[in-house]
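S.K.: See work.csv below, with CSV, C-alpha atoms and all ligand atoms.
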```
chain,number,residue,atom,x,y,z
A,1,MET,CA,4.2,-20.8,-25.6
A,2,ASN,CA,7.8,-21.0,-24.3
A,3,TYR,CA,9.8,-18.2,-22.8
A,4,ALA,CA,13.4,-18.3,-21.8
A,5,SER,CA,13.6,-18.5,-18.0
A,6,GLY,CA,15.7,-19.0,-14.9
A,7,GLY,CA,17.1,-15.6,-14.0
A,8,ASP,CA,20.8,-14.8,-13.5
A,9,PRO,CA,21.8,-16.5,-10.3
A,10,ALA,CA,24.5,-13.7,-9.9
A,11,THR,CA,21.8,-11.0,-9.9
A,12,PRO,CA,20.0,-10.5,-6.6
A,13,ALA,CA,16.3,-11.2,-6.8
A,14,ALA,CA,13.9,-8.3,-7.4
A,15,ILE,CA,11.8,-9.6,-4.5
A,16,HIS,CA,13.0,-11.9,-1.7
A,17,ALA,CA,10.7,-13.3,0.9
A,18,THR,CA,11.2,-15.6,3.9
A,19,ALA,CA,8.8,-16.5,6.7
A,20,LEU,CA,6.4,-13.9,5.2
A,21,THR,CA,3.2,-13.8,7.2
A,22,VAL,CA,0.3,-11.4,6.9
A,23,VAL,CA,-2.7,-11.1,9.3
A,24,ARG,CA,-5.9,-9.4,8.0
A,25,GLY,CA,-9.0,-8.9,10.1
A,26,GLY,CA,-7.5,-11.2,12.8
A,27,ARG,CA,-7.0,-14.0,10.4
A,28,THR,CA,-3.6,-15.2,9.0
A,29,VAL,CA,-4.1,-14.8,5.2
A,30,LEU,CA,-0.5,-15.4,4.2
A,31,ARG,CA,1.4,-18.0,6.1
A,32,ASP,CA,5.2,-18.4,6.2
A,33,LEU,CA,5.9,-17.7,2.5
A,34,ALA,CA,9.4,-18.1,1.1
A,35,PHE,CA,10.1,-17.2,-2.6
A,36,ASP,CA,12.2,-15.1,-4.9
A,37,VAL,CA,11.1,-13.1,-8.0
A,38,PRO,CA,14.0,-12.8,-10.5
A,39,ARG,CA,14.8,-9.5,-12.1
A,40,GLY,CA,13.9,-8.7,-15.7
A,41,GLN,CA,11.3,-11.4,-16.0
A,42,ILE,CA,7.5,-11.9,-15.8
A,43,THR,CA,6.5,-13.8,-12.7
A,44,GLY,CA,2.9,-14.9,-12.7
A,45,LEU,CA,1.1,-15.1,-9.3
A,46,LEU,CA,-1.7,-17.5,-9.9
A,47,GLY,CA,-4.4,-19.0,-7.7
A,48,PRO,CA,-8.1,-19.1,-7.0
A,49,SER,CA,-10.1,-16.1,-5.7
A,50,GLY,CA,-9.3,-15.3,-2.1
A,51,CYS,CA,-6.0,-17.2,-1.9
A,52,GLY,CA,-4.1,-14.1,-1.0
A,53,LYS,CA,-2.7,-12.7,-4.3
A,54,THR,CA,-3.8,-9.1,-3.7
A,55,THR,CA,-2.5,-9.3,-0.1
A,56,LEU,CA,0.9,-10.4,-1.3
A,57,MET,CA,1.1,-7.6,-3.9
A,58,ARG,CA,0.0,-5.1,-1.2
A,59,ALA,CA,2.8,-6.3,1.0
A,60,VAL,CA,5.3,-6.0,-1.9
A,61,VAL,CA,4.3,-2.4,-2.7
A,62,GLY,CA,4.3,-1.5,1.0
A,63,THR,CA,0.6,-0.8,1.5
A,64,GLN,CA,-0.3,-3.8,3.7
A,65,ALA,CA,-0.3,-3.7,7.5
A,66,LYS,CA,0.6,-6.5,9.8
A,67,VAL,CA,3.4,-8.0,7.7
A,68,THR,CA,6.0,-10.1,9.5
A,69,GLY,CA,9.1,-12.0,8.3
A,70,THR,CA,11.5,-10.8,5.7
A,71,LEU,CA,10.4,-9.0,2.5
A,72,GLN,CA,13.1,-7.4,0.5
A,73,VAL,CA,12.1,-5.4,-2.6
A,74,LEU,CA,14.8,-4.1,-5.0
A,75,ASP,CA,17.3,-4.7,-2.1
A,76,ARG,CA,15.3,-2.6,0.4
A,77,PRO,CA,12.8,-3.5,3.0
A,78,ALA,CA,9.3,-3.5,1.5
A,79,GLY,CA,7.6,-0.1,2.1
A,80,ALA,CA,10.8,1.9,2.2
A,81,ALA,CA,10.1,5.5,1.1
A,82,GLU,CA,12.7,5.4,-1.6
A,83,LEU,CA,10.9,2.5,-3.3
A,84,ARG,CA,7.9,4.6,-4.2
A,85,SER,CA,9.3,5.9,-7.4
A,86,ARG,CA,10.9,2.5,-8.3
A,87,ILE,CA,7.7,0.5,-8.3
A,88,GLY,CA,4.6,0.9,-10.5
A,89,TYR,CA,1.4,-0.6,-9.1
A,90,VAL,CA,-1.9,-1.2,-10.8
A,91,THR,CA,-4.7,-2.3,-8.5
A,92,GLN,CA,-7.8,-4.2,-9.5
A,93,ASP,CA,-9.8,-1.0,-9.6
A,94,PRO,CA,-7.5,1.3,-11.4
A,95,SER,CA,-7.6,5.0,-10.6
A,96,VAL,CA,-8.3,6.7,-13.9
A,97,TYR,CA,-10.2,10.0,-13.8
A,98,ASP,CA,-13.3,9.7,-16.0
A,99,ASP,CA,-13.6,13.5,-16.5
A,100,LEU,CA,-10.0,13.9,-17.7
A,101,THR,CA,-8.6,12.9,-21.1
A,102,VAL,CA,-5.9,10.3,-21.5
A,103,ARG,CA,-3.2,12.9,-21.6
A,104,GLN,CA,-4.6,14.9,-18.7
A,105,ASN,CA,-4.7,11.7,-16.6
A,106,LEU,CA,-1.1,11.0,-17.4
A,107,ASP,CA,0.0,14.7,-16.9
A,108,TYR,CA,-1.7,14.7,-13.5
A,109,PHE,CA,0.0,11.6,-12.2
A,110,ALA,CA,3.3,12.6,-13.7
A,111,ALA,CA,3.1,15.9,-11.8
A,112,ILE,CA,2.6,14.0,-8.5
A,113,LEU,CA,5.6,11.7,-9.3
A,114,ASP,CA,7.9,14.4,-10.6
A,115,PRO,CA,6.7,17.8,-9.3
A,116,GLY,CA,7.9,21.3,-10.0
A,117,ARG,CA,8.4,23.7,-12.9
A,118,ALA,CA,12.0,22.6,-13.4
A,119,ALA,CA,10.8,19.0,-14.2
A,120,ALA,CA,8.2,20.1,-16.9
A,121,ALA,CA,10.3,19.0,-19.9
A,122,ARG,CA,11.1,15.7,-18.3
A,123,ARG,CA,7.5,15.1,-17.5
A,124,ARG,CA,6.4,15.9,-21.0
A,125,ALA,CA,9.0,13.4,-22.4
A,126,ASP,CA,7.9,10.8,-19.9
A,127,VAL,CA,4.2,11.2,-20.8
A,128,ALA,CA,5.0,11.0,-24.5
A,129,ARG,CA,7.0,7.8,-24.0
A,130,VAL,CA,4.3,6.2,-22.0
A,131,ILE,CA,1.5,7.1,-24.5
A,132,ASP,CA,3.7,5.5,-27.2
A,133,ASP,CA,4.4,2.4,-25.0
A,134,VAL,CA,0.7,1.7,-24.3
A,135,ASP,CA,-0.3,2.6,-27.9
A,136,LEU,CA,-2.8,5.3,-27.1
A,137,ALA,CA,-1.4,8.1,-29.4
A,138,SER,CA,-4.7,8.1,-31.3
A,139,HIS,CA,-6.7,8.6,-28.1
A,140,THR,CA,-4.7,11.2,-26.1
A,141,ASP,CA,-7.6,13.8,-26.2
A,142,ALA,CA,-10.4,11.3,-25.5
A,143,LEU,CA,-12.1,11.6,-22.1
A,144,ALA,CA,-11.4,8.4,-20.0
A,145,ARG,CA,-15.1,7.8,-19.7
A,146,THR,CA,-15.4,7.3,-23.4
A,147,LEU,CA,-12.7,4.6,-23.6
A,148,SER,CA,-13.2,0.9,-24.0
A,149,GLY,CA,-12.2,-1.5,-21.1
A,150,GLY,CA,-8.9,-2.4,-22.9
A,151,GLN,CA,-8.1,1.3,-23.5
A,152,ARG,CA,-8.8,2.1,-19.8
A,153,SER,CA,-6.5,-0.7,-18.7
A,154,ARG,CA,-3.8,0.7,-20.9
A,155,VAL,CA,-4.2,4.2,-19.4
A,156,SER,CA,-3.8,2.6,-15.9
A,157,LEU,CA,-0.7,0.7,-17.1
A,158,GLY,CA,0.6,4.0,-18.5
A,159,VAL,CA,0.2,5.7,-15.1
A,160,ALA,CA,2.2,2.8,-13.6
A,161,LEU,CA,4.9,3.2,-16.3
A,162,LEU,CA,5.5,6.9,-15.5
A,163,GLY,CA,9.0,7.4,-14.2
A,164,ASP,CA,10.2,4.1,-15.8
A,165,PRO,CA,9.9,1.9,-12.6
A,166,GLU,CA,12.2,-1.1,-12.2
A,167,LEU,CA,9.3,-3.2,-10.8
A,168,LEU,CA,5.8,-3.4,-12.1
A,169,VAL,CA,3.1,-5.0,-9.9
A,170,LEU,CA,-0.1,-5.6,-11.8
A,171,ASP,CA,-3.2,-7.0,-10.0
A,172,GLU,CA,-5.3,-9.0,-12.5
A,173,PRO,CA,-4.7,-6.5,-15.4
A,174,THR,CA,-6.5,-8.6,-18.0
A,175,VAL,CA,-9.7,-9.4,-16.2
A,176,GLY,CA,-12.7,-8.8,-18.3
A,177,LEU,CA,-10.8,-8.3,-21.5
A,178,ASP,CA,-11.5,-10.2,-24.7
A,179,PRO,CA,-8.8,-12.7,-26.0
A,180,VAL,CA,-7.4,-10.3,-28.6
A,181,LEU,CA,-6.9,-7.5,-26.0
A,182,ARG,CA,-5.5,-9.9,-23.5
A,183,ARG,CA,-3.0,-11.1,-26.1
A,184,ASP,CA,-2.0,-7.5,-27.0
A,185,LEU,CA,-1.5,-6.6,-23.4
A,186,TRP,CA,0.6,-9.7,-22.7
A,187,ASN,CA,2.7,-8.8,-25.8
A,188,LEU,CA,3.2,-5.3,-24.2
A,189,PHE,CA,4.2,-6.9,-20.9
A,190,HIS,CA,6.9,-8.9,-22.7
A,191,THR,CA,8.2,-5.8,-24.5
A,192,ILE,CA,8.5,-4.1,-21.1
A,193,ALA,CA,10.3,-7.1,-19.6
A,194,ASP,CA,12.6,-7.3,-22.6
A,195,ARG,CA,13.8,-3.8,-21.6
A,196,GLY,CA,14.9,-5.2,-18.2
A,197,THR,CA,11.8,-4.3,-16.0
A,198,THR,CA,10.6,-7.0,-13.6
A,199,LEU,CA,6.9,-7.7,-13.7
A,200,LEU,CA,4.8,-9.5,-11.0
A,201,ILE,CA,1.3,-10.1,-12.5
A,202,SER,CA,-1.6,-11.8,-10.8
A,203,SER,CA,-4.3,-13.8,-12.5
A,204,HIS,CA,-6.7,-16.6,-11.8
A,205,VAL,CA,-6.8,-17.6,-15.4
A,206,MET,CA,-4.6,-20.6,-15.8
A,207,ASP,CA,-3.9,-20.1,-19.5
A,208,GLU,CA,-2.1,-16.9,-18.7
A,209,ALA,CA,0.4,-19.0,-16.8
A,210,GLU,CA,1.8,-20.1,-20.1
A,211,ARG,CA,2.8,-16.5,-20.9
A,212,CYS,CA,5.0,-16.1,-17.8
A,213,HIS,CA,8.7,-16.8,-17.4
A,214,ARG,CA,8.1,-18.1,-13.8
A,215,LEU,CA,5.1,-18.9,-11.7
A,216,LEU,CA,4.1,-18.7,-8.1
A,217,LEU,CA,1.1,-21.0,-7.6
A,218,MET,CA,-0.9,-20.1,-4.5
A,219,ARG,CA,-3.7,-21.6,-2.5
A,220,GLU,CA,-5.2,-20.6,0.8
A,221,GLY,CA,-2.3,-18.2,1.8
A,222,ALA,CA,0.4,-20.7,0.9
A,223,ILE,CA,2.7,-21.2,-2.1
A,224,LEU,CA,2.2,-24.6,-3.7
A,225,ALA,CA,4.8,-24.2,-6.4
A,226,ASP,CA,7.5,-21.8,-7.5
A,227,ASP,CA,8.9,-22.8,-10.9
A,228,THR,CA,8.9,-22.3,-14.6
A,229,PRO,CA,5.7,-23.2,-16.6
A,230,ASP,CA,7.7,-25.9,-18.4
A,231,ALA,CA,8.9,-27.5,-15.2
A,232,LEU,CA,5.4,-27.4,-13.7
A,233,ARG,CA,3.8,-28.8,-16.8
A,234,GLY,CA,6.1,-31.8,-16.5
A,235,THR,CA,4.1,-34.9,-17.1
A,236,SER,CA,0.8,-33.3,-16.3
A,237,GLY,CA,0.4,-31.7,-19.8
A,238,THR,CA,-0.8,-28.3,-18.7
A,239,VAL,CA,-0.1,-25.9,-15.8
A,240,GLU,CA,-3.8,-26.1,-14.9
A,241,SER,CA,-3.6,-29.9,-14.4
A,242,ALA,CA,-0.3,-29.6,-12.5
A,243,PHE,CA,-2.0,-27.0,-10.2
A,244,LEU,CA,-5.0,-29.3,-9.6
A,245,HIS,CA,-2.7,-32.2,-8.9
A,246,LEU,CA,-0.8,-30.0,-6.3
A,247,VAL,CA,-4.1,-28.9,-4.7
A,248,ASP,CA,-5.2,-32.6,-4.4
A,249,GLU,CA,-1.9,-33.4,-2.8
A,250,ALA,CA,-2.2,-30.5,-0.4
A,251,ASN,CA,-5.8,-31.5,0.5
A,252,ALA,CA,-4.7,-35.1,1.2
A,253,ARG,CA,-1.8,-33.9,3.4
A,254,ALA,CA,-4.2,-31.6,5.3
A,255,ALA,CA,-6.7,-34.5,5.9
A,256,THR,CA,-3.9,-36.7,7.2
A,257,ASP,CA,-2.6,-34.0,9.5
A,258,ARG,CA,-6.1,-33.5,10.9
A,259,GLN,CA,-6.5,-37.2,11.4
A,260,GLU,CA,-3.2,-37.5,13.2
A,261,ALA,CA,-4.1,-34.5,15.4
A,262,ARG,CA,-7.2,-36.2,16.7
A,301,LIG,N1,-9.8,-5.8,4.3
A,301,LIG,C1,-9.8,-7.0,4.6
A,301,LIG,N2,-9.9,-7.4,5.9
A,301,LIG,C2,-9.9,-8.7,6.3
A,301,LIG,N3,-9.7,-9.7,5.5
A,301,LIG,C3,-9.5,-9.4,4.2
A,301,LIG,C4,-9.5,-8.1,3.7
A,301,LIG,N4,-9.3,-8.1,2.4
A,301,LIG,C5,-9.2,-9.4,2.1
A,301,LIG,N5,-9.3,-10.2,3.1
A,301,LIG,C6,-9.2,-11.7,3.2
A,301,LIG,O1,-7.8,-12.0,2.9
A,301,LIG,C7,-7.8,-13.2,2.1
A,301,LIG,C8,-7.0,-13.0,0.8
A,301,LIG,O2,-7.6,-12.0,0.0
A,301,LIG,P1,-7.0,-11.4,-1.3
A,301,LIG,O3,-7.8,-10.3,-1.8
A,301,LIG,O4,-5.6,-11.2,-1.0
A,301,LIG,O5,-7.1,-12.7,-2.3
A,301,LIG,P2,-7.0,-12.7,-3.9
A,301,LIG,O6,-6.3,-14.0,-4.2
A,301,LIG,O7,-6.4,-11.5,-4.4
A,301,LIG,O8,-8.5,-12.8,-4.4
A,301,LIG,P3,-9.2,-12.3,-5.8
A,301,LIG,O9,-8.5,-13.1,-6.9
A,301,LIG,O10,-10.6,-12.6,-5.6
A,301,LIG,O11,-8.8,-10.8,-5.8
A,301,LIG,C9,-9.3,-13.6,1.8
A,301,LIG,O12,-9.7,-14.6,2.6
A,301,LIG,C10,-10.0,-12.3,2.1
A,301,LIG,O13,-11.3,-12.6,2.6
```
Go ahead and render the structure in this file as structure tokens.
Ligand SMILES: Nc1ncnc2c1ncn2[C@@H]1O[C@H](COP(=O)(O)OP(=O)(O)OP(=O)(O)O)[C@@H](O)[C@H]1O
M.R.:
Amino acid sequence: MNYASGGDPATPAAIHATALTVVRGGRTVLRDLAFDVPRGQITGLLGPSGCGKTTLMRAVVGTQAKVTGTLQVLDRPAGAAELRSRIGYVTQDPSVYDDLTVRQNLDYFAAILDPGRAAAARRRADVARVIDDVDLASHTDALARTLSGGQRSRVSLGVALLGDPELLVLDEPTVGLDPVLRRDLWNLFHTIADRGTTLLISSHVMDEAERCHRLLLMREGAILADDTPDALRGTSGTVESAFLHLVDEANARAATDRQEAR
């Protein structure tokens, strides 16, 4: 699958990081990262479990402590109060209330985002738009606990889409879904990106890399590559083989460094 890529060099990046370092539990889990996430595109954050994807996303949305270096998000420092309504974030354990219906869940979160009686009509329109976006019109009155895994994922995505954020940060949104649901969700991500929204999506499934405009490949708290899927595939054939090649190179470099340090 090929998607147009590159980003407009005249448009400032949605996310800009330099010397980004994060310490968790006394350990440096992100080390000296530098990267840009272009606007209006899907950037995939890929790497094995524990490499730091969630930590990086938490830093971007402003919920991570002990972040140093530069991290600009939508031209503001990450964590700035005014970014709250401009970013939609779906964690790995999405917060959907089982004892509420799809519409009640969305109404509840819409009221937190845009409170007050005066905003009631705007909230109603927003919830209706989101239900349509995530294709849940036939399930608006179903209790969340009765939904399938894919439908629940779409409710969480719907919550993140309330208020029409400029940046969507999705932590492994397709985990546990069957191939058809994964494809449908990726089609939805592309529809959202086509409207100009920036998406940062993590995954440890390499075949999802092919569905992104750009990729950040991570390993052990570092970025091994920041490029388009096409450029990464290069002569290696697949993004996965390119990734494995980069990992082997990084391991060889680390072994040489260790030997020289002795
Ligand atoms: N609350 C915490 N306190 C201390 N260290 C943590 C904490 N949460 C995560 N870590 C460590 O930070 C590192 C990065 O974890 P992170 O969850 O960001 O990785 P990940 O790539 O998102 O993994 P996964 O794909 O399994 O979700 C790991 O070594 C992990 O053990």
S.K.: Excluding Arg214 in chain A and any residue of its chain fewer than 5 positions from it, enumerate the residues within 7 Å of it, using only C-alpha atoms, and give them as a ChimeraX atom specification.
M.R.: /A:5,42-44,227-229
S.K.: Could you tell me which of A:Arg117, A:Lys66, A:Arg124, A:Arg219 comes closest to ligand LIG 301 (chain A) if we count only C-alpha atoms and all ligand atoms?
M.R.: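 Distance minimum relative to ligand LIG 301 (chain A) lands on A:Arg219.
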S.K.: Could you give me, as a PDB file with C-alpha atoms, keeping the file's coordinate frame, the residues within 12 Å of Arg27 in chain A, counting all atoms listed in the file and dropping anything in the same chain fewer than 5 positions from it?
M.R.:
```pdb
ATOM      1  CA  THR A  21       3.200 -13.800   7.200  1.00  0.00           C
ATOM      2  CA  VAL A  22       0.300 -11.400   6.900  1.00  0.00           C
ATOM      3  CA  GLY A  52      -4.100 -14.100  -1.000  1.00  0.00           C
ATOM      4  CA  LYS A  66       0.600  -6.500   9.800  1.00  0.00           C
ATOM      5  CA  GLU A 220      -5.200 -20.600   0.800  1.00  0.00           C
ATOM      6  CA  GLY A 221      -2.300 -18.200   1.800  1.00  0.00           C
TER       7      GLY A 221
END
```
S.K.: Counting only C-alpha atoms, which of A:Thr198, A:Gln104, A:Ser85, A:Thr63 gets nearest to Asp36 in chain A?
M.R.: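 Looking at the shortest contact to Asp36 in chain A, the residue is A:Thr198.
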S.K.: Around ligand LIG 301 (chain A), which protein and nucleic acid residues have at least one atom no more than 12 Å from it, if we count all atoms listed in the file? List them as a PyMOL selection string.
M.R.: chain A and resi 21-31+45-59+63-66+91-93+170-173+175+201-205+217-223
S.K.: Got time to write the residues from that selection, C-alpha atoms, as a PDB file, keeping the file's coordinate frame?
M.R.:
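Okay, result_2.pdb is ready:
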```
ATOM      1  CA  THR A  21       3.200 -13.800   7.200  1.00  0.00           C
ATOM      2  CA  VAL A  22       0.300 -11.400   6.900  1.00  0.00           C
ATOM      3  CA  VAL A  23      -2.700 -11.100   9.300  1.00  0.00           C
ATOM      4  CA  ARG A  24      -5.900  -9.400   8.000  1.00  0.00           C
ATOM      5  CA  GLY A  25      -9.000  -8.900  10.100  1.00  0.00           C
ATOM      6  CA  GLY A  26      -7.500 -11.200  12.800  1.00  0.00           C
ATOM      7  CA  ARG A  27      -7.000 -14.000  10.400  1.00  0.00           C
ATOM      8  CA  THR A  28      -3.600 -15.200   9.000  1.00  0.00           C
ATOM      9  CA  VAL A  29      -4.100 -14.800   5.200  1.00  0.00           C
ATOM     10  CA  LEU A  30      -0.500 -15.400   4.200  1.00  0.00           C
ATOM     11  CA  ARG A  31       1.400 -18.000   6.100  1.00  0.00           C
ATOM     12  CA  LEU A  45       1.100 -15.100  -9.300  1.00  0.00           C
ATOM     13  CA  LEU A  46      -1.700 -17.500  -9.900  1.00  0.00           C
ATOM     14  CA  GLY A  47      -4.400 -19.000  -7.700  1.00  0.00           C
ATOM     15  CA  PRO A  48      -8.100 -19.100  -7.000  1.00  0.00           C
ATOM     16  CA  SER A  49     -10.100 -16.100  -5.700  1.00  0.00           C
ATOM     17  CA  GLY A  50      -9.300 -15.300  -2.100  1.00  0.00           C
ATOM     18  CA  CYS A  51      -6.000 -17.200  -1.900  1.00  0.00           C
ATOM     19  CA  GLY A  52      -4.100 -14.100  -1.000  1.00  0.00           C
ATOM     20  CA  LYS A  53      -2.700 -12.700  -4.300  1.00  0.00           C
ATOM     21  CA  THR A  54      -3.800  -9.100  -3.700  1.00  0.00           C
ATOM     22  CA  THR A  55      -2.500  -9.300  -0.100  1.00  0.00           C
ATOM     23  CA  LEU A  56       0.900 -10.400  -1.300  1.00  0.00           C
ATOM     24  CA  MET A  57       1.100  -7.600  -3.900  1.00  0.00           C
ATOM     25  CA  ARG A  58       0.000  -5.100  -1.200  1.00  0.00           C
ATOM     26  CA  ALA A  59       2.800  -6.300   1.000  1.00  0.00           C
ATOM     27  CA  THR A  63       0.600  -0.800   1.500  1.00  0.00           C
ATOM     28  CA  GLN A  64      -0.300  -3.800   3.700  1.00  0.00           C
ATOM     29  CA  ALA A  65      -0.300  -3.700   7.500  1.00  0.00           C
ATOM     30  CA  LYS A  66       0.600  -6.500   9.800  1.00  0.00           C
ATOM     31  CA  THR A  91      -4.700  -2.300  -8.500  1.00  0.00           C
ATOM     32  CA  GLN A  92      -7.800  -4.200  -9.500  1.00  0.00           C
ATOM     33  CA  ASP A  93      -9.800  -1.000  -9.600  1.00  0.00           C
ATOM     34  CA  LEU A 170      -0.100  -5.600 -11.800  1.00  0.00           C
ATOM     35  CA  ASP A 171      -3.200  -7.000 -10.000  1.00  0.00           C
ATOM     36  CA  GLU A 172      -5.300  -9.000 -12.500  1.00  0.00           C
ATOM     37  CA  PRO A 173      -4.700  -6.500 -15.400  1.00  0.00           C
ATOM     38  CA  VAL A 175      -9.700  -9.400 -16.200  1.00  0.00           C
ATOM     39  CA  ILE A 201       1.300 -10.100 -12.500  1.00  0.00           C
ATOM     40  CA  SER A 202      -1.600 -11.800 -10.800  1.00  0.00           C
ATOM     41  CA  SER A 203      -4.300 -13.800 -12.500  1.00  0.00           C
ATOM     42  CA  HIS A 204      -6.700 -16.600 -11.800  1.00  0.00           C
ATOM     43  CA  VAL A 205      -6.800 -17.600 -15.400  1.00  0.00           C
ATOM     44  CA  LEU A 217       1.100 -21.000  -7.600  1.00  0.00           C
ATOM     45  CA  MET A 218      -0.900 -20.100  -4.500  1.00  0.00           C
ATOM     46  CA  ARG A 219      -3.700 -21.600  -2.500  1.00  0.00           C
ATOM     47  CA  GLU A 220      -5.200 -20.600   0.800  1.00  0.00           C
ATOM     48  CA  GLY A 221      -2.300 -18.200   1.800  1.00  0.00           C
ATOM     49  CA  ALA A 222       0.400 -20.700   0.900  1.00  0.00           C
ATOM     50  CA  ILE A 223       2.700 -21.200  -2.100  1.00  0.00           C
TER      51      ILE A 223
END
```
S.K.: Using only C-alpha atoms, can you tell me which of A:Gly69, A:Gly163, A:Gly116, A:Pro179 comes closest to Arg84 in chain A?
M.R.: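 Of all the options, A:Gly163 lies closest to Arg84 in chain A.
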S.K.: Separation of CA of Pro77 in chain A and CA of Leu168 in chain A, in Å?
M.R.: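 Going from CA of Pro77 in chain A over to CA of Leu168 in chain A, I get 16.6 Å.
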S.K.: For the atom pair CA of Leu181 in chain A and CA of Pro38 in chain A, what is the interatomic distance in Å to one decimal place?
M.R.: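 Here the two named atoms are 26.6 Å from each other.
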S.K.: Please report as a tab-separated table every residue of range 20-126 of chain A lying within 7 Å of range 139-152 of chain A, along with the nearest atom pair and their distance in Å (one decimal), using only C-alpha atoms.
M.R.:
```
residue	atom	partner	partner_atom	distance
A:Tyr97	CA	A:Ala144	CA	6.5
A:Asp98	CA	A:Arg145	CA	4.5
A:Asp99	CA	A:Leu143	CA	6.1
A:Leu100	CA	A:Leu143	CA	5.4
A:Thr101	CA	A:Leu143	CA	3.9
A:Val102	CA	A:Thr140	CA	4.8
A:Arg103	CA	A:Thr140	CA	5.0
```
S.K.: What does the structure give for the distance between CA of Val37 in chain A and CA of Asp75 in chain A, in Å to one decimal?
M.R.: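 Atom-to-atom, CA of Val37 in chain A and CA of Asp75 in chain A are spaced 12.0 Å apart.
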S.K.: Could you check the closest approach to Glu166 in chain A for each of A:Val96, A:Val67, A:Ala81, A:Ile192 and tell me which residue wins, using only C-alpha atoms?
M.R.: A:Ile192
S.K.: So, with all atoms listed in the file as the atoms that count, which of A:Thr68, A:Val155, A:His213, A:Val169 lies closest to Leu199 in chain A?
M.R.: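 Closest candidate: A:Val169.
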S.K.: Using all atoms listed in the file, determine which residues lie at most 6 Å from Ala17 in chain A, disregarding the query and same-chain residues fewer than 5 positions distant; provide the list as a PyMOL selection string.
M.R.: chain A and resi 34-35+70-71
S.K.: Calculated over only C-alpha atoms, which of the candidates A:Leu167, A:Leu188, A:Val73, A:Leu83 has the smallest distance to Arg154 in chain A?
M.R.: A:Leu188
S.K.: Which protein, DNA or RNA residues have an atom at most 10 Å from (-3.2, 5.1, -13.2), counting only C-alpha atoms? List them as a list in words.
M.R.: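 Using only C-alpha atoms, the matching residues come out as Gly88, Tyr89, Val90, Thr91, Asp93, Pro94, Ser95, Val96, Tyr97, Asn105, Leu106, Tyr108, Phe109, Ala110, Arg152, Ser153, Arg154, Val155, Ser156, Leu157, Gly158, Val159, Ala160, Leu161 and Leu162 of chain A.
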S.K.: Could you name the residues that touch Arg123 in chain A at 8 Å or less, counting all atoms listed in the file, but leaving out those on the same chain fewer than 5 positions away, as number ranges by chain?
M.R.: A: 107, 110-111, 114
S.K.: Using all atoms listed in the file, which residues sit within 9 Å of Glu240 in chain A once same-chain residues fewer than 5 positions away are excluded, as a PyMOL selection string?
M.R.: chain A and resi 206-207+209+233+245
